[in-house]
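Quick notes on the structure that follows.
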Amino acid sequence: MTSIVTEQRLRSMLFVPADNERKLAKAVSNPADALILDLEDSVVEARKVGARRSAADFIAAHASKIGAQLFVRINALTTPLAMGDLAAVVVPGLAGIMLPKANSAADIVRLGHCLDALEARAGMQIGAVCIVPVATETAAAMLNMQSYAGPVPRLAGITWGAEDLSAAIGALSNRDDDGALSPLYALANALCLCAATAAGVPPIDTLYVDFKDEAGLAAACRTSRRRGFRGRVAIHPDQSAIINAAYAPTSEELAHAQRIVAAFAASPDAGTLSIDGAMIDRPHLIQARLTLAQSNN
Ligand code: COA
Ligand code: MG
């Protein structure tokens with residue numbers, strides 16, 4: 001089946017524990033590009049079934065009224081919960097599934113087949129629901145990151161995480177003494193960039209834990225954007241606006257990108273040009289077009 005997923009803006013994706021009515025109510029007016037109604041780690045076992053119902057009710061009540069795309073993070077495909085989660089939340093208005101602990105692109109394909117049937121049952125267009133995996137949460141997943149190279153049906157972005165991977169490894173921490181990410185988790189970050197790029201979808205950075213540190217979040221977003229990430233997950237409502245601003249191109253960047261595109265348009269036979277005494281060639285043009293596209297969608 002061909003995917004009908006088109007690239008939607010996913011700068012900020014706010015996690016909202018789906019069993020928490022107060023947080024669900026608060027999320028309605030949040031500026032995040034997407035809300036991720038969470039059924040996994042933020043919901044204890046005894047509340048999982050109730051959380052499914054709350055998520056489905058929230059989607060039915062709000063999907064057509066709020067700007068944010070509505071995602072649900074289901075439980076991992078290796079748990080007995082995943083299929084029940086899907087059966088409950090694939091309702092009209094669901095934009096996407098976040099898949100935790102994905103082991104490879106084969107898990108995305110498998111989830112896509114389940115969605116085919118559930119969309120048909122719900123009277124939705126087949127292919128309407130996209131998938132964003134958390135792609136680095138198991139050791140096997142790290143070894144399989146090359147599986148995302150090439151088109152993957154329904155894939156709309158790839159994000160990564162360091163916490164579950166360190167737990168899976170049995171590491172005492174994912175950071176070294178100097179506070180920097182240990183090599184395995186820096187690799188997870190880098191492979192997220194490569195896998196998403198190879199799949200043709202945006203790489204979405206992992207959460208910034210210290211939700212009261214707004215300056216720290218803004219600085220982390222700047223670094224992340226320089227490295228190529230196009231957005232970031234949020235865990236607190238105050239993080240969304242900071243993330244949206246940080247991943248949007250600045251007016252200087254837009255102006256520079258427009259000059260590059262205009263310069264190549266004016267000299268269609270030139271492979272290299274100079275602007276303000278600096279050499280520019282095809283990679284600069286590709287980057288400039290990407291910058292302009294980020295401001296348009
Ligand atoms: N989504 C929606 N609303 C949220 C929220 C979230 N993720 N996090 C906090 N809020 C709400 C609170 O309910 C509170 O609303 P109120 O004024 O109506 O009471 C307000 O925002 C301020 O919250 P604050 O007191 O600053 O935070 P907290 O101590 O209540 O919660 C966390 C802190 C980390 C527990 C909370 O932000 C959270 O649950 N985050 C998401 C966790 C998650 O989903 N993890 C899974 C992915 S790793
Ligand atoms: Mg987790």
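Identifiers in the structure tokens: chain A, B, ... in order shown; residue index from 1 per chain; ligand index from 1 in order shown.
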What residues of the protein or nucleic acid chains come within 6 Å of ligand 1 when you use only C-alpha atoms and all ligand atoms? Reply as a PyMOL selection string.
chain A and resi 15-17+22-24+26-27+38+41-42+235-237
Quick one: write out the picked residues with N, CA, C and O atoms as a PDB file, in the first residue's frame?
```pdb
ATOM      1  N   PHE A  15       4.189  15.414  25.104  1.00  0.00           N
ATOM      2  CA  PHE A  15       3.659  14.222  25.781  1.00  0.00           C
ATOM      3  C   PHE A  15       2.620  14.631  26.816  1.00  0.00           C
ATOM      4  O   PHE A  15       2.889  15.516  27.661  1.00  0.00           O
ATOM      5  N   VAL A  16       1.477  13.968  26.784  1.00  0.00           N
ATOM      6  CA  VAL A  16       0.436  14.193  27.799  1.00  0.00           C
ATOM      7  C   VAL A  16       0.003  12.816  28.314  1.00  0.00           C
ATOM      8  O   VAL A  16      -0.498  11.998  27.535  1.00  0.00           O
ATOM      9  N   PRO A  17       0.224  12.541  29.609  1.00  0.00           N
ATOM     10  CA  PRO A  17      -0.212  11.239  30.136  1.00  0.00           C
ATOM     11  C   PRO A  17      -1.724  11.095  29.932  1.00  0.00           C
ATOM     12  O   PRO A  17      -2.496  11.934  30.388  1.00  0.00           O
ATOM     13  N   ARG A  22      -6.590  16.350  34.134  1.00  0.00           N
ATOM     14  CA  ARG A  22      -6.157  17.733  34.298  1.00  0.00           C
ATOM     15  C   ARG A  22      -5.139  18.128  33.219  1.00  0.00           C
ATOM     16  O   ARG A  22      -5.209  19.204  32.638  1.00  0.00           O
ATOM     17  N   LYS A  23      -4.206  17.229  32.958  1.00  0.00           N
ATOM     18  CA  LYS A  23      -3.193  17.505  31.928  1.00  0.00           C
ATOM     19  C   LYS A  23      -3.815  17.472  30.524  1.00  0.00           C
ATOM     20  O   LYS A  23      -3.453  18.268  29.657  1.00  0.00           O
ATOM     21  N   LEU A  24      -4.758  16.573  30.313  1.00  0.00           N
ATOM     22  CA  LEU A  24      -5.446  16.547  29.016  1.00  0.00           C
ATOM     23  C   LEU A  24      -6.162  17.883  28.785  1.00  0.00           C
ATOM     24  O   LEU A  24      -6.080  18.462  27.696  1.00  0.00           O
ATOM     25  N   LYS A  26      -5.461  20.764  30.099  1.00  0.00           N
ATOM     26  CA  LYS A  26      -4.457  21.818  29.923  1.00  0.00           C
ATOM     27  C   LYS A  26      -3.871  21.794  28.501  1.00  0.00           C
ATOM     28  O   LYS A  26      -3.513  22.825  27.934  1.00  0.00           O
ATOM     29  N   ALA A  27      -3.760  20.600  27.938  1.00  0.00           N
ATOM     30  CA  ALA A  27      -3.108  20.440  26.626  1.00  0.00           C
ATOM     31  C   ALA A  27      -3.930  21.030  25.479  1.00  0.00           C
ATOM     32  O   ALA A  27      -3.378  21.366  24.431  1.00  0.00           O
ATOM     33  N   ASP A  38      -0.164   9.777  25.903  1.00  0.00           N
ATOM     34  CA  ASP A  38       0.726   8.661  26.239  1.00  0.00           C
ATOM     35  C   ASP A  38      -0.010   7.546  26.962  1.00  0.00           C
ATOM     36  O   ASP A  38      -0.690   7.780  27.970  1.00  0.00           O
ATOM     37  N   ASP A  41       4.967   4.765  29.187  1.00  0.00           N
ATOM     38  CA  ASP A  41       5.715   4.868  30.437  1.00  0.00           C
ATOM     39  C   ASP A  41       5.090   5.783  31.493  1.00  0.00           C
ATOM     40  O   ASP A  41       5.354   5.611  32.684  1.00  0.00           O
ATOM     41  N   SER A  42       4.293   6.771  31.091  1.00  0.00           N
ATOM     42  CA  SER A  42       3.755   7.683  32.102  1.00  0.00           C
ATOM     43  C   SER A  42       2.448   7.175  32.711  1.00  0.00           C
ATOM     44  O   SER A  42       1.866   7.843  33.570  1.00  0.00           O
ATOM     45  N   ILE A 235       7.906  17.599  27.357  1.00  0.00           N
ATOM     46  CA  ILE A 235       7.232  16.881  28.450  1.00  0.00           C
ATOM     47  C   ILE A 235       6.409  17.821  29.321  1.00  0.00           C
ATOM     48  O   ILE A 235       5.682  17.363  30.190  1.00  0.00           O
ATOM     49  N   HIS A 236       6.553  19.121  29.075  1.00  0.00           N
ATOM     50  CA  HIS A 236       5.834  20.098  29.909  1.00  0.00           C
ATOM     51  C   HIS A 236       5.261  21.169  28.978  1.00  0.00           C
ATOM     52  O   HIS A 236       5.917  21.559  28.003  1.00  0.00           O
ATOM     53  N   PRO A 237       4.055  21.659  29.285  1.00  0.00           N
ATOM     54  CA  PRO A 237       3.409  22.605  28.357  1.00  0.00           C
ATOM     55  C   PRO A 237       4.228  23.864  28.087  1.00  0.00           C
ATOM     56  O   PRO A 237       4.134  24.430  26.984  1.00  0.00           O
TER      57      PRO A 237
END
```
Residues of chain A that approach ligand 2 to 10 Å or less, counting only C-alpha atoms and all ligand atoms: could you list each one with the shortest pair of atoms and its distance in Å to one decimal, rows by chain and increasing residue number, as JSON lines?
```
{"residue": "A:Glu40", "atom": "CA", "partner": "ligand 2", "partner_atom_place_in_ligand_line": "1 (Mg)", "distance": 7.4}
{"residue": "A:Asp41", "atom": "CA", "partner": "ligand 2", "partner_atom_place_in_ligand_line": "1 (Mg)", "distance": 5.4}
{"residue": "A:Ser42", "atom": "CA", "partner": "ligand 2", "partner_atom_place_in_ligand_line": "1 (Mg)", "distance": 8.3}
{"residue": "A:Asn75", "atom": "CA", "partner": "ligand 2", "partner_atom_place_in_ligand_line": "1 (Mg)", "distance": 9.6}
{"residue": "A:Ala76", "atom": "CA", "partner": "ligand 2", "partner_atom_place_in_ligand_line": "1 (Mg)", "distance": 9.7}
{"residue": "A:Pro100", "atom": "CA", "partner": "ligand 2", "partner_atom_place_in_ligand_line": "1 (Mg)", "distance": 7.0}
{"residue": "A:Lys101", "atom": "CA", "partner": "ligand 2", "partner_atom_place_in_ligand_line": "1 (Mg)", "distance": 7.8}
{"residue": "A:Val134", "atom": "CA", "partner": "ligand 2", "partner_atom_place_in_ligand_line": "1 (Mg)", "distance": 8.7}
{"residue": "A:Glu137", "atom": "CA", "partner": "ligand 2", "partner_atom_place_in_ligand_line": "1 (Mg)", "distance": 7.6}
{"residue": "A:Gly161", "atom": "CA", "partner": "ligand 2", "partner_atom_place_in_ligand_line": "1 (Mg)", "distance": 7.5}
{"residue": "A:Ala162", "atom": "CA", "partner": "ligand 2", "partner_atom_place_in_ligand_line": "1 (Mg)", "distance": 8.7}
{"residue": "A:Glu163", "atom": "CA", "partner": "ligand 2", "partner_atom_place_in_ligand_line": "1 (Mg)", "distance": 6.6}
{"residue": "A:Asp164", "atom": "CA", "partner": "ligand 2", "partner_atom_place_in_ligand_line": "1 (Mg)", "distance": 5.3}
{"residue": "A:Leu165", "atom": "CA", "partner": "ligand 2", "partner_atom_place_in_ligand_line": "1 (Mg)", "distance": 8.8}
{"residue": "A:Ala167", "atom": "CA", "partner": "ligand 2", "partner_atom_place_in_ligand_line": "1 (Mg)", "distance": 9.6}
```
Save out the residues we just selected, C-alpha atoms, as an mmCIF file, in the first residue's frame.
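Result file follows (result_21.cif):
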```cif
data_model
loop_
_atom_site.group_PDB
_atom_site.id
_atom_site.type_symbol
_atom_site.label_atom_id
_atom_site.label_comp_id
_atom_site.auth_asym_id
_atom_site.auth_seq_id
_atom_site.Cartn_x
_atom_site.Cartn_y
_atom_site.Cartn_z
ATOM 1 C CA GLU A 40 3.136 3.861 27.834
ATOM 2 C CA ASP A 41 5.715 4.868 30.437
ATOM 3 C CA SER A 42 3.755 7.683 32.102
ATOM 4 C CA ASN A 75 2.743 0.324 24.440
ATOM 5 C CA ALA A 76 5.551 -1.608 22.736
ATOM 6 C CA PRO A 100 8.145 3.064 21.481
ATOM 7 C CA LYS A 101 10.889 0.426 21.523
ATOM 8 C CA VAL A 134 11.243 5.997 19.061
ATOM 9 C CA GLU A 137 15.350 2.262 22.736
ATOM 10 C CA GLY A 161 15.708 8.181 23.416
ATOM 11 C CA ALA A 162 18.568 7.482 25.783
ATOM 12 C CA GLU A 163 16.734 6.389 28.934
ATOM 13 C CA ASP A 164 15.245 3.076 27.830
ATOM 14 C CA LEU A 165 18.428 2.133 25.967
ATOM 15 C CA ALA A 167 18.038 0.548 31.086
#
```
Residue set, region 171-200 of chain A restricted to helix (DSSP H, G or I), as a list in words:
Pro183, Leu184, Tyr185, Ala186, Leu187, Ala188, Asn189, Ala190, Leu191, Cys192, Leu193, Cys194, Ala195, Ala196, Thr197, Ala198 and Ala199 of chain A
Take the residues from that selection and put them in a file with C-alpha atoms, as a compact mmCIF listing (two decimals), in the first residue's frame.
```
# COMPACT_ATOMS: atom_id res chain seq x y z
CA PRO A 183 29.37 7.26 23.24
CA LEU A 184 26.48 4.79 22.77
CA TYR A 185 23.87 7.51 23.35
CA ALA A 186 25.70 10.07 21.24
CA LEU A 187 25.64 7.39 18.53
CA ALA A 188 21.88 6.98 19.03
CA ASN A 189 21.47 10.72 18.49
CA ALA A 190 23.62 10.62 15.35
CA LEU A 191 21.93 7.52 13.93
CA CYS A 192 18.54 9.17 14.40
CA LEU A 193 19.74 11.96 12.10
CA CYS A 194 21.02 9.48 9.50
CA ALA A 195 18.05 7.11 9.63
CA ALA A 196 15.50 9.90 9.32
CA THR A 197 17.40 11.54 6.48
CA ALA A 198 17.79 8.22 4.66
CA ALA A 199 14.06 7.60 5.08
```
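DSSP annotation of region 118-222 of chain A from backbone atoms: strand (DSSP E or B) residues are A:Cys130, A:Ile131, A:Val132, A:Pro133, A:Val134, A:Leu155, A:Ile158, A:Thr159, A:Arg175, A:Leu181, A:Pro203, A:Ile204, A:Asp205.
Across the structure, CA of Ile97 (chain A) and CA of Arg73 (chain A) are spaced 5.8 Å apart.
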Excluding same-chain residues fewer than 3 positions from region 19-21 of chain A, what lies within 8 Å of it counting only C-alpha atoms, as a ChimeraX atom specification?
/A:16,24-25,39,43,47-48,50-52,54-55
Considering only C-alpha atoms, return as a PyMOL selection string whatever protein or nucleic-acid residues lie within 12 Å of Ala245 (chain A), sequence-local ones (same chain, fewer than 4 positions apart) excluded.
chain A and resi 11-12+31-33+217-219+221-222+225+230-232+239-241+249-251+295
Could you check the closest approach to Leu115 (chain A) for each of A:Ala139, A:Val90, A:Leu70, A:Val132 and tell me which residue wins, using only C-alpha atoms?
A:Val90
In terms of the shortest atom-to-atom distance over only C-alpha atoms, which of A:Ala262, A:Ala156, A:Ala149, A:Val233 is closest to Cys130 (chain A)?
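Answer, going by the shortest atom-to-atom distance: A:Ala156.
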Env of Arg289 (chain A): 10 Å cut, atoms = only C-alpha atoms, seq-sep filter 3 positions within chain, self excluded. Answer as a PyMOL selection string.
chain A and resi 254+257-258+260-261+283-286+292-294
Please produce a file of the residues just selected, as a JSON list (two decimals), in the first residue's frame, where the atoms kept are all heavy atoms.
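Output file again_19.json is given in full below:
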```json
[["chain", "number", "residue", "atom", "x", "y", "z"],
["A", 254, "LEU", "N", 16.41, 33.12, 6.58],
["A", 254, "LEU", "CA", 15.48, 33.14, 5.45],
["A", 254, "LEU", "C", 15.97, 34.07, 4.35],
["A", 254, "LEU", "O", 15.93, 33.71, 3.16],
["A", 254, "LEU", "CB", 14.09, 33.57, 5.92],
["A", 254, "LEU", "CG", 13.32, 32.54, 6.76],
["A", 254, "LEU", "CD1", 12.03, 33.13, 7.31],
["A", 254, "LEU", "CD2", 13.00, 31.31, 5.91],
["A", 257, "ALA", "N", 18.84, 32.48, 2.58],
["A", 257, "ALA", "CA", 18.38, 31.36, 1.73],
["A", 257, "ALA", "C", 17.73, 31.90, 0.46],
["A", 257, "ALA", "O", 17.95, 31.36, -0.63],
["A", 257, "ALA", "CB", 17.39, 30.49, 2.52],
["A", 258, "GLN", "N", 16.95, 32.98, 0.60],
["A", 258, "GLN", "CA", 16.31, 33.55, -0.58],
["A", 258, "GLN", "C", 17.35, 34.07, -1.57],
["A", 258, "GLN", "O", 17.21, 33.92, -2.78],
["A", 258, "GLN", "CB", 15.36, 34.69, -0.17],
["A", 258, "GLN", "CG", 13.96, 34.18, 0.11],
["A", 258, "GLN", "CD", 13.18, 35.05, 1.09],
["A", 258, "GLN", "OE1", 13.68, 36.05, 1.58],
["A", 258, "GLN", "NE2", 11.94, 34.66, 1.35],
["A", 260, "ILE", "N", 20.38, 32.90, -1.99],
["A", 260, "ILE", "CA", 21.03, 31.76, -2.64],
["A", 260, "ILE", "C", 20.14, 31.20, -3.75],
["A", 260, "ILE", "O", 20.59, 30.97, -4.89],
["A", 260, "ILE", "CB", 21.36, 30.66, -1.60],
["A", 260, "ILE", "CG1", 22.46, 31.16, -0.67],
["A", 260, "ILE", "CG2", 21.77, 29.36, -2.29],
["A", 260, "ILE", "CD1", 22.79, 30.23, 0.49],
["A", 261, "VAL", "N", 18.85, 31.01, -3.44],
["A", 261, "VAL", "CA", 17.93, 30.47, -4.44],
["A", 261, "VAL", "C", 17.84, 31.43, -5.63],
["A", 261, "VAL", "O", 17.88, 31.01, -6.80],
["A", 261, "VAL", "CB", 16.54, 30.22, -3.80],
["A", 261, "VAL", "CG1", 15.50, 29.89, -4.88],
["A", 261, "VAL", "CG2", 16.63, 29.07, -2.80],
["A", 283, "PRO", "N", 25.13, 21.91, -2.51],
["A", 283, "PRO", "CA", 24.67, 21.64, -1.13],
["A", 283, "PRO", "C", 24.08, 22.88, -0.46],
["A", 283, "PRO", "O", 23.13, 22.78, 0.31],
["A", 283, "PRO", "CB", 25.95, 21.18, -0.42],
["A", 283, "PRO", "CG", 26.81, 20.65, -1.51],
["A", 283, "PRO", "CD", 26.51, 21.48, -2.72],
["A", 284, "HIS", "N", 24.64, 24.06, -0.79],
["A", 284, "HIS", "CA", 24.08, 25.29, -0.20],
["A", 284, "HIS", "C", 22.68, 25.54, -0.73],
["A", 284, "HIS", "O", 21.81, 26.01, -0.01],
["A", 284, "HIS", "CB", 24.98, 26.50, -0.52],
["A", 284, "HIS", "CG", 26.35, 26.40, 0.08],
["A", 284, "HIS", "ND1", 27.44, 25.94, -0.63],
["A", 284, "HIS", "CD2", 26.80, 26.67, 1.32],
["A", 284, "HIS", "CE1", 28.50, 25.94, 0.14],
["A", 284, "HIS", "NE2", 28.15, 26.37, 1.34],
["A", 285, "LEU", "N", 22.49, 25.22, -2.02],
["A", 285, "LEU", "CA", 21.16, 25.43, -2.61],
["A", 285, "LEU", "C", 20.14, 24.48, -1.97],
["A", 285, "LEU", "O", 19.02, 24.88, -1.64],
["A", 285, "LEU", "CB", 21.23, 25.19, -4.13],
["A", 285, "LEU", "CG", 19.91, 25.35, -4.90],
["A", 285, "LEU", "CD1", 19.33, 26.75, -4.72],
["A", 285, "LEU", "CD2", 20.11, 25.05, -6.38],
["A", 286, "ILE", "N", 20.56, 23.23, -1.77],
["A", 286, "ILE", "CA", 19.65, 22.26, -1.13],
["A", 286, "ILE", "C", 19.29, 22.74, 0.28],
["A", 286, "ILE", "O", 18.12, 22.75, 0.69],
["A", 286, "ILE", "CB", 20.33, 20.86, -1.06],
["A", 286, "ILE", "CG1", 20.44, 20.29, -2.49],
["A", 286, "ILE", "CG2", 19.56, 19.91, -0.16],
["A", 286, "ILE", "CD1", 21.37, 19.10, -2.61],
["A", 292, "LEU", "N", 13.80, 27.42, 3.44],
["A", 292, "LEU", "CA", 12.57, 28.10, 2.98],
["A", 292, "LEU", "C", 11.36, 27.19, 3.19],
["A", 292, "LEU", "O", 10.30, 27.65, 3.61],
["A", 292, "LEU", "CB", 12.70, 28.50, 1.51],
["A", 292, "LEU", "CG", 13.78, 29.57, 1.24],
["A", 292, "LEU", "CD1", 13.93, 29.82, -0.26],
["A", 292, "LEU", "CD2", 13.44, 30.88, 1.95],
["A", 293, "ALA", "N", 11.53, 25.88, 2.96],
["A", 293, "ALA", "CA", 10.41, 24.95, 3.14],
["A", 293, "ALA", "C", 9.99, 24.91, 4.61],
["A", 293, "ALA", "O", 8.81, 24.82, 4.93],
["A", 293, "ALA", "CB", 10.80, 23.56, 2.66],
["A", 294, "GLN", "N", 10.97, 25.00, 5.52],
["A", 294, "GLN", "CA", 10.64, 24.95, 6.95],
["A", 294, "GLN", "C", 9.80, 26.14, 7.38],
["A", 294, "GLN", "O", 9.05, 26.06, 8.33],
["A", 294, "GLN", "CB", 11.92, 24.91, 7.79],
["A", 294, "GLN", "CG", 12.57, 23.54, 7.81],
["A", 294, "GLN", "CD", 13.93, 23.56, 8.47],
["A", 294, "GLN", "OE1", 14.32, 24.53, 9.08],
["A", 294, "GLN", "NE2", 14.66, 22.47, 8.33]]
```
Nearest-residue call for Gln69 (chain A), choices A:Pro133, A:Pro268, A:Gly127, A:Ile36, using only C-alpha atoms:
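When distances to Gln69 (chain A) are compared using only C-alpha atoms, the smallest one comes from A:Ile36.
The spacing separating CA of Ala140 (chain A) from CA of Ser224 (chain A) amounts to 25.0 Å.
Pairwise distance (CA of Ala63 (chain A), CA of Leu155 (chain A)) equals 20.5 Å.
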